[in-house]
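One structure is given here, and the rest of the page talks about it.
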Amino acid sequence: MAKTPTKTDLPQGTGGETQQRGEPALTTNHGVPISDNQNSLKSGERGPTLLEDFVLREKIFHFDHERIPERIVHARGTGAHGYFECTDPIPELTSASLFQEKGATVPVFTRFSTVAGSKGSKDTPRDVRGFAVKFYTDEGNWDLVGNNIPVFFIQDAMKFPDLVHAVKPEADRGFPQAASAHDTFWDFVSLMPESMHMIMWAMSDRGIPRSLRMMEGFGVHTFRLVNADGKSTMVKFHWKPKLGVQSTTWDEAVKISGVDPDYHRRDLFDSIQAGDYPEWELGIQVIDEDWADKQPYDVLDATKLVPEEDVPVRIIGRMVLDRYPDNFFAETEQAAFLPTNVVPGIDFTNDPLLQGRLFSYLDTQKSRLGTTNFHQIPINAPKCPMHNFQRDGLMQTHVPKGRANYEPNSLDEAGEDPGPRASGSGFKTVQDAENSGSGKRRVRAETFADHFSQARQFYHSQTEVEQTHIVAAIVFELSKVQLNHVRVRVLSQLRNIDETLAQRVADGLGLDLPDAAAPAKDPVEMKPSDALSILKHEAPNAGRMLGILVADGTDGSVVTALRKAAEAQGAMVKIVGPKVGGVKLADGDTLPADEKVDGAPSVLFDAVALVLSEDGAKQMAGEKAAVDFVSDAFAHCKAIGHTDGAAPLIKQAGAKPDSFFFELPSGADALAGKLSARNWEREDKVKLAL
Ligand code: HDE
């Protein structure tokens, strides 16, 4: 009788997959238990693979079809689950159930994205960021599909495909990826003066955020809230991050994309894993329609914002993201956001950009998710009851019972289930929507004609440093543009925003200033608005990261003092050493490192500390990565803490001590107090910006 084979007798690999610790049995998609997950079925030991091998064929078949088309825009993104809590109910404005009761919560799923790049591009290009929130309310899903910039490039949906074609990689060559710094984008925007306001925002530091947790979000369009009496009010939605708004510098963004293309998604993941949950306040601007009629812009024009100084933001709730998805594809990739997802109490306006979005998003889900039943995928499904007479279609997962798939019916009279009926309290389109005039015309209202006043207001509201960043960004992008007439046309548009801005850009390009473009309507002077600037507001230090560079001979007590100081601010530290195994401290103990210095350049930190003995500093001065660590931190205007011994490395890096240098250990608290700040005066000296 043949002996039972032992593990070593079995052909290679057949032992690995056998059940050992009571794991569930591996099966085919149809539930058939699989005995061997290593070897295909062959005709003889060295023979060809057999067509009969349904286990292999099913596995490869499924793998071949794992990918779905990426989003046509906003392809690269990351998301998280959480909840929304109403902190200030507004029943006088809306009947929407989520805004009725203080302390009431609803689950949310939020996805952040870049716009232009492919799914596999980087997290830190200069770009607008998507900020899409799905509220799972008890009266259906409400999707607030916004951006981190309050205005948009175009006024009418008709121009959206042109805008996206222009910014995506150029059609003939297939590059550049995830960048607006090229001919076709600037060609298009220079021919579309209405884009100039958004260009100001995109070229400002808002286009290069430090973290998804440190971005504002905006609904962009004016929406309507409708109360129980049917009275409607115009509003704009705002998300305000608890950690304040912060950006990287351009040079940092470029370097981060090399050292960590996943910088933003990793930061979101890490903070949630650490229990440091990202949080935003939800606010509304309540717009009086008589007041709106008197403004020099139209509140239905998505290239305009309503200054917060004119209409303050009223905070009505908060959102906390406290759970990362279990599976990226099933949840984040398959999430389908629809501006048409509104609930009773929330309605649209006639903003022509919003109106176009109302059919685009439903349509795109069919080509991306492949079926009209995409709403049945768990991440998209409402968490309240859902009944209607829509039936069948590809990938139908519901199994409705009975014959009632039409209405009206009288099946109940025969004792059968007649199915659902519309209720009087369901969603009703608002009756007093703004009067769009009589007849249907392809027109652009005269009130949409001013393209420059708010672009100018934006530029004038920035600090000098921020203005310089805008100039530098435009110079950089136009230097990548190869068509000179496009550069010249942009300059002629910039003159309508601000003469010095245009002149500085022209100087940066080495070009003469052309005549100003003739505006459709002359701009008016608007009061500068502090809310439009990042740097006019002090950001908290919480959520920031201090990088501590150590080497053999480091004084461990200084590291402990720094850790304490950073933690007191709600910030984190990472130890960076010559080897990840750690360093020998002055007292003989070993301090393990979180990162090896060439894998954690200083662009990954908000401030750095050089805790080195003189010998340690001399040794590090011979390592290019350590020298770059210091010279980059200096060039990026960051606070630098240092022990006396660190001097040789600071010298080698060419960094000149200034008011953002802190002696350690005495300056540990002062350093931690500067984590979110930068010494912008340095920028002039290192000439990285311009
Ligand atoms: Fe979008 N946009 N968009 N958009 N958009 C999409 O929908 C579109 C616009 C925004 O994380 C697409 O499911 C048109 C403004 C975000 O899944 C598509 C117009 C704002 C996201 C689409 C606009 C946005 C999208 C691609 C002009 C800010 C990502 C895949 C009329 C208020 C949502 C998809 C996510 C995604 C169309 C303009 C924000 C093709 C036609 C303005 C955050 O349907």
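Every chain in the structure tokens has a letter given in the order shown (A, B, ...), and although residue numbers restart at 1 in each chain, ligands are simply numbered from 1 in the order shown.
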
**Report entry** Residue contacts of Val164 of chain A (9 Å, only C-alpha atoms) excluding same-chain residues fewer than 6 positions away, as JSON, numbers by chain
**Finding:** {"A": [72, 73, 116, 185]}

Please produce a file of those selected residues containing C-alpha atoms, as a PDB file, in the first residue's frame.
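Writing the result to out.pdb gives the following:
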```
ATOM      1  CA  ILE A  72     -11.753  61.552 -16.020  1.00  0.00           C
ATOM      2  CA  VAL A  73     -10.737  64.304 -13.579  1.00  0.00           C
ATOM      3  CA  ALA A 116      -5.256  66.908 -13.378  1.00  0.00           C
ATOM      4  CA  PHE A 185      -3.311  75.059 -20.360  1.00  0.00           C
TER       5      PHE A 185
END
```

Query raised in the report: Given a cut-off of 7 Å, what residues near ligand 1 show up using only C-alpha atoms and all ligand atoms, put as a PyMOL selection string?
Result: chain A and resi 71-74+77+111-113+130-132+145-147+152+156-157+160+219-221+335-337+353-354+356-357+360-361+364-365

Any chance you could export the current selection's C-alpha atoms as a CSV table (one decimal), in the first residue's frame?
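The new file out_20.csv reads:
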```csv
chain,number,residue,atom,x,y,z
A,71,ARG,CA,-12.0,59.2,-13.0
A,72,ILE,CA,-11.8,61.6,-16.0
A,73,VAL,CA,-10.7,64.3,-13.6
A,74,HIS,CA,-9.9,64.0,-9.9
A,77,GLY,CA,-7.5,60.7,-4.4
A,111,ARG,CA,-12.6,61.9,-0.6
A,112,PHE,CA,-9.8,64.4,-1.3
A,113,SER,CA,-8.2,64.5,-4.8
A,130,GLY,CA,-11.1,68.1,-4.6
A,131,PHE,CA,-13.0,68.0,-1.3
A,132,ALA,CA,-16.0,65.7,-1.7
A,145,VAL,CA,-18.7,67.9,-4.0
A,146,GLY,CA,-16.4,70.8,-3.5
A,147,ASN,CA,-12.8,72.0,-3.9
A,152,PHE,CA,-13.7,77.9,-10.5
A,156,ASP,CA,-20.4,77.8,-17.9
A,157,ALA,CA,-20.4,73.9,-18.1
A,160,PHE,CA,-15.5,72.2,-19.0
A,219,GLY,CA,-19.0,74.2,-2.0
A,220,VAL,CA,-18.0,76.9,-4.6
A,221,HIS,CA,-21.5,77.4,-6.1
A,335,ALA,CA,-17.1,56.0,-4.3
A,336,ALA,CA,-19.4,57.9,-6.7
A,337,PHE,CA,-20.2,61.5,-5.7
A,353,LEU,CA,-21.7,75.6,-14.0
A,354,LEU,CA,-23.7,73.8,-11.3
A,356,GLY,CA,-24.0,71.3,-16.1
A,357,ARG,CA,-22.6,69.3,-13.2
A,360,SER,CA,-22.3,65.0,-15.8
A,361,TYR,CA,-21.7,63.0,-12.6
A,364,THR,CA,-19.8,59.4,-15.7
A,365,GLN,CA,-20.5,56.7,-13.1
```

Query raised in the report: Quick one: distance from atom CA of Ala565 of chain A to atom CA of Ser257 of chain A in Å, one decimal?
Result: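 Pair atom CA of Ala565 of chain A / atom CA of Ser257 of chain A returns 29.4 Å.
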
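Atom pair atom CA of Gly283 of chain A / atom CA of Asp127 of chain A has a distance of 24.1 Å (rounded to one decimal).
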
Query - Exercise: Gly553 of chain A partners within 12 Å, only C-alpha atoms, chain neighbours under 2 positions left out, as a ChimeraX atom specification - result: /A:549-551,555-558,577,582-591,611-620,643,645-646

Given the selection you just returned, output its residues as a file containing N, CA and C atoms, formatted as a CSV table (one decimal), in the first residue's frame.
```csv
chain,number,residue,atom,x,y,z
A,549,LEU,N,17.6,65.3,13.9
A,549,LEU,CA,18.8,64.6,13.3
A,549,LEU,C,19.8,64.3,14.4
A,550,VAL,N,20.1,63.0,14.5
A,550,VAL,CA,21.0,62.6,15.6
A,550,VAL,C,22.2,61.8,15.0
A,551,ALA,N,23.3,61.6,15.7
A,551,ALA,CA,24.4,60.8,15.3
A,551,ALA,C,25.0,60.2,16.6
A,555,ASP,N,23.4,63.9,22.7
A,555,ASP,CA,23.0,64.0,24.1
A,555,ASP,C,21.5,63.6,24.2
A,556,GLY,N,21.2,62.4,24.7
A,556,GLY,CA,19.8,61.9,24.7
A,556,GLY,C,18.8,62.8,25.5
A,557,SER,N,19.3,63.6,26.5
A,557,SER,CA,18.4,64.4,27.3
A,557,SER,C,17.9,65.5,26.4
A,558,VAL,N,18.6,66.0,25.4
A,558,VAL,CA,18.1,67.0,24.5
A,558,VAL,C,17.0,66.5,23.7
A,577,GLY,N,18.5,59.3,11.6
A,577,GLY,CA,19.9,59.1,12.0
A,577,GLY,C,20.7,58.5,10.7
A,582,GLY,N,19.9,52.9,14.7
A,582,GLY,CA,20.0,53.8,15.8
A,582,GLY,C,21.5,54.3,16.0
A,583,VAL,N,21.6,55.1,17.0
A,583,VAL,CA,22.9,55.7,17.3
A,583,VAL,C,23.3,55.5,18.8
A,584,LYS,N,24.6,55.6,19.1
A,584,LYS,CA,25.0,55.4,20.5
A,584,LYS,C,25.0,56.8,21.1
A,585,LEU,N,24.2,57.0,22.1
A,585,LEU,CA,24.1,58.3,22.8
A,585,LEU,C,25.4,58.5,23.6
A,586,ALA,N,25.5,59.8,24.1
A,586,ALA,CA,26.7,60.2,24.9
A,586,ALA,C,26.8,59.3,26.1
A,587,ASP,N,25.6,58.9,26.7
A,587,ASP,CA,25.7,58.2,27.9
A,587,ASP,C,25.8,56.7,27.7
A,588,GLY,N,26.0,56.3,26.4
A,588,GLY,CA,26.2,54.9,26.1
A,588,GLY,C,25.0,54.1,25.7
A,589,ASP,N,23.8,54.7,25.9
A,589,ASP,CA,22.5,54.0,25.5
A,589,ASP,C,22.4,54.1,24.0
A,590,THR,N,21.5,53.2,23.5
A,590,THR,CA,21.2,53.2,22.0
A,590,THR,C,19.9,53.9,21.8
A,591,LEU,N,19.8,54.9,20.8
A,591,LEU,CA,18.6,55.5,20.5
A,591,LEU,C,18.2,55.0,19.1
A,611,VAL,N,20.6,67.6,16.8
A,611,VAL,CA,21.1,67.3,18.1
A,611,VAL,C,22.4,66.5,17.9
A,612,LEU,N,23.5,67.2,17.8
A,612,LEU,CA,24.7,66.5,17.5
A,612,LEU,C,25.9,67.0,18.4
A,613,SER,N,26.8,66.0,18.6
A,613,SER,CA,28.0,66.4,19.3
A,613,SER,C,28.9,66.9,18.2
A,614,GLU,N,30.0,67.5,18.5
A,614,GLU,CA,30.9,68.1,17.5
A,614,GLU,C,31.4,67.0,16.6
A,615,ASP,N,31.8,65.8,17.2
A,615,ASP,CA,32.2,64.7,16.3
A,615,ASP,C,31.1,64.2,15.4
A,616,GLY,N,29.9,64.1,16.0
A,616,GLY,CA,28.8,63.7,15.2
A,616,GLY,C,28.5,64.6,14.0
A,617,ALA,N,28.6,65.9,14.3
A,617,ALA,CA,28.3,66.9,13.2
A,617,ALA,C,29.4,66.8,12.2
A,618,LYS,N,30.7,66.6,12.6
A,618,LYS,CA,31.7,66.5,11.6
A,618,LYS,C,31.5,65.3,10.7
A,619,GLN,N,31.0,64.2,11.3
A,619,GLN,CA,30.8,63.0,10.6
A,619,GLN,C,29.6,63.2,9.6
A,620,MET,N,28.5,63.9,10.1
A,620,MET,CA,27.4,64.1,9.2
A,620,MET,C,27.7,65.1,8.1
A,643,THR,N,22.2,72.0,18.7
A,643,THR,CA,23.1,72.1,19.9
A,643,THR,C,24.4,72.8,19.4
A,645,GLY,N,27.3,71.7,19.3
A,645,GLY,CA,28.2,70.8,18.5
A,645,GLY,C,27.8,70.8,17.1
A,646,ALA,N,26.5,71.2,16.7
A,646,ALA,CA,26.1,71.0,15.3
A,646,ALA,C,26.8,72.0,14.4
```

Kindly assemble as a tab-separated table a list of the segment 446-538 of chain A residues that lie within 12 Å of segment 118-126 of chain A, each paired with its nearest atom pair and their distance in Å to one decimal, using only C-alpha atoms, sorted first by chain and then by ascending residue number.
```
residue	atom	partner	partner_atom	distance
A:Ile470	CA	A:Arg126	CA	11.7
A:Ala473	CA	A:Arg126	CA	9.0
A:Ile474	CA	A:Arg126	CA	11.2
A:Phe476	CA	A:Arg126	CA	11.2
A:Glu477	CA	A:Arg126	CA	10.0
```

Dump as a short mmCIF file (atom, residue, chain, number, x, y, z; two decimals), in the first residue's frame, selection limited to N, CA and C atoms:
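What follows is the written file again_28.cif:
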```cif
data_model
loop_
_atom_site.label_atom_id
_atom_site.label_comp_id
_atom_site.auth_asym_id
_atom_site.auth_seq_id
_atom_site.Cartn_x
_atom_site.Cartn_y
_atom_site.Cartn_z
N ILE A 470 3.05 83.97 -5.83
CA ILE A 470 2.18 83.95 -7.01
C ILE A 470 2.99 84.32 -8.25
N ALA A 473 5.26 81.46 -9.15
CA ALA A 473 4.54 80.32 -9.74
C ALA A 473 4.18 80.60 -11.19
N ILE A 474 3.73 81.82 -11.47
CA ILE A 474 3.35 82.13 -12.86
C ILE A 474 4.61 82.16 -13.73
N PHE A 476 7.33 80.46 -13.27
CA PHE A 476 7.74 79.07 -13.48
C PHE A 476 6.89 78.43 -14.57
N GLU A 477 5.58 78.56 -14.44
CA GLU A 477 4.69 77.87 -15.37
C GLU A 477 4.84 78.42 -16.79
#
```

Residue contacts of Ile346 of chain A (9 Å, only C-alpha atoms) excluding same-chain residues fewer than 2 positions away, as a PDB file with C-alpha atoms, in the first residue's frame:
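Result went into around21.pdb, see below:
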```
ATOM      1  CA  THR A  94     -33.674  74.370   6.154  1.00  0.00           C
ATOM      2  CA  SER A  95     -35.773  71.316   6.820  1.00  0.00           C
ATOM      3  CA  ALA A  96     -32.784  69.037   6.066  1.00  0.00           C
ATOM      4  CA  TRP A 142     -26.291  64.446   0.384  1.00  0.00           C
ATOM      5  CA  PHE A 223     -26.907  76.702  -3.164  1.00  0.00           C
ATOM      6  CA  ARG A 224     -30.364  77.072  -1.658  1.00  0.00           C
ATOM      7  CA  LEU A 225     -31.572  75.956   1.743  1.00  0.00           C
ATOM      8  CA  VAL A 226     -35.336  75.494   2.000  1.00  0.00           C
ATOM      9  CA  ASN A 227     -37.230  75.507   5.312  1.00  0.00           C
ATOM     10  CA  SER A 232     -35.583  79.381   0.406  1.00  0.00           C
ATOM     11  CA  VAL A 342     -29.457  66.517  -2.347  1.00  0.00           C
ATOM     12  CA  VAL A 343     -31.996  65.878   0.399  1.00  0.00           C
ATOM     13  CA  PRO A 344     -35.264  67.654   1.259  1.00  0.00           C
ATOM     14  CA  PHE A 348     -29.750  74.126  -6.445  1.00  0.00           C
ATOM     15  CA  PHE A 427     -38.123  66.323  -2.042  1.00  0.00           C
ATOM     16  CA  VAL A 430     -37.934  75.100  -4.676  1.00  0.00           C
TER      17      VAL A 430
END
```

As a CSV table (one decimal) with N, CA and C atoms, in the first residue's frame, please: the residues near Gln652 of chain A (cut-off 7 Å, only C-alpha atoms, same-chain neighbours under 3 positions excluded).
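Once everything was written out, this is out_31.csv:
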```csv
chain,number,residue,atom,x,y,z
A,621,ALA,N,28.7,66.0,8.4
A,621,ALA,CA,29.1,67.0,7.3
A,621,ALA,C,29.6,66.3,6.1
A,627,VAL,N,23.8,67.1,4.8
A,627,VAL,CA,24.1,68.5,4.4
A,627,VAL,C,22.8,69.1,3.8
A,648,PRO,N,29.6,72.5,12.8
A,648,PRO,CA,30.3,72.1,11.6
A,648,PRO,C,29.3,71.8,10.4
A,649,LEU,N,28.2,71.1,10.8
A,649,LEU,CA,27.2,70.7,9.8
A,649,LEU,C,26.5,71.9,9.3
```

Contact table segment 459-545 of chain A vs segment 190-202 of chain A, cut-off 8 Å, shortest pair per residue, only C-alpha atoms, as a tab-separated table:
```
residue	atom	partner	partner_atom	distance
A:Tyr459	CA	A:Met200	CA	7.0
A:Ile470	CA	A:Met200	CA	7.0
A:Val486	CA	A:Ser190	CA	6.8
A:Arg489	CA	A:Ser190	CA	5.8
A:Val490	CA	A:Ser190	CA	5.0
A:Gln493	CA	A:Pro193	CA	6.9
A:Leu494	CA	A:Met196	CA	7.9
A:Pro519	CA	A:Pro193	CA	7.9
```

Would you mind exporting C-alpha atoms of the selected residues as an mmCIF file, in the first residue's frame?
```
data_model
loop_
_atom_site.group_PDB
_atom_site.id
_atom_site.type_symbol
_atom_site.label_atom_id
_atom_site.label_comp_id
_atom_site.auth_asym_id
_atom_site.auth_seq_id
_atom_site.Cartn_x
_atom_site.Cartn_y
_atom_site.Cartn_z
ATOM 1 C CA TYR A 459 -3.833 89.580 -5.206
ATOM 2 C CA ILE A 470 2.182 83.946 -7.010
ATOM 3 C CA VAL A 486 0.684 82.517 -25.071
ATOM 4 C CA ARG A 489 -1.285 86.976 -23.862
ATOM 5 C CA VAL A 490 -1.145 85.955 -20.215
ATOM 6 C CA GLN A 493 -4.442 89.622 -18.971
ATOM 7 C CA LEU A 494 -2.358 90.053 -15.819
ATOM 8 C CA PRO A 519 -11.705 93.576 -20.411
#
```

Query raised in the report: In Å to one decimal, how far is atom CA of Val465 of chain A from atom CA of His537 of chain A?
Result: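 About the pair atom CA of His537 of chain A and atom CA of Val465 of chain A: they are 13.5 Å apart.
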
Query raised in the report: Counting only C-alpha atoms, which of A:Val313, A:Ser461, A:Asn541, A:Leu321 gets nearest to Ile272 of chain A?
Result: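 Answer, going by the shortest atom-to-atom distance: A:Leu321.
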
Query - Within 9 Å of Ser492 of chain A using only C-alpha atoms, minus same-chain residues under 3 positions, as a ChimeraX atom specification - result: /A:190,487-489,495-496,502,513-518

Query raised in the report: as JSON, numbers by chain, which residues of segment 203-368 of chain A does DSSP assign to strand (DSSP E)?
Result: {"A": [217, 218, 223, 224, 225, 226, 232, 233, 234, 235, 236, 237, 238, 239, 240, 241, 279, 280, 281, 282, 283, 284, 285, 286, 287, 314, 315, 316, 317, 318, 319, 320, 321, 322, 323, 346, 347]}

Query raised in the report: When distances are computed from only C-alpha atoms, which of A:Leu56, A:Leu671, A:Met215, A:Ala593 shows the smallest separation from Ile534 of chain A?
Result: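 Closest candidate: A:Met215.
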
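With distances restricted to only C-alpha atoms, A:Thr249 is the closest residue to Ala635 of chain A from A:Arg76, A:Ile548, A:Thr249, A:Arg563.
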
Query raised in the report: So, counting only C-alpha atoms, which residue among A:Asp88, A:Asp301, A:Glu407, A:Asp293 is closest to Phe448 of chain A?
Result: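 So, comparing all the options, the nearest one is A:Asp301.
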
**Report entry** Shortest interatomic distance to Phe329 of chain A - which of A:Gln177, A:Ser367, A:Gln569, A:Thr78, counting only C-alpha atoms
**Finding:**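 Closest to Phe329 of chain A, using only C-alpha atoms: A:Thr78.
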
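Residue nearest Glu279 of chain A, chosen from A:Gly82, A:Pro150, A:Gly547, A:Gly345 and counting only C-alpha atoms: A:Gly82.
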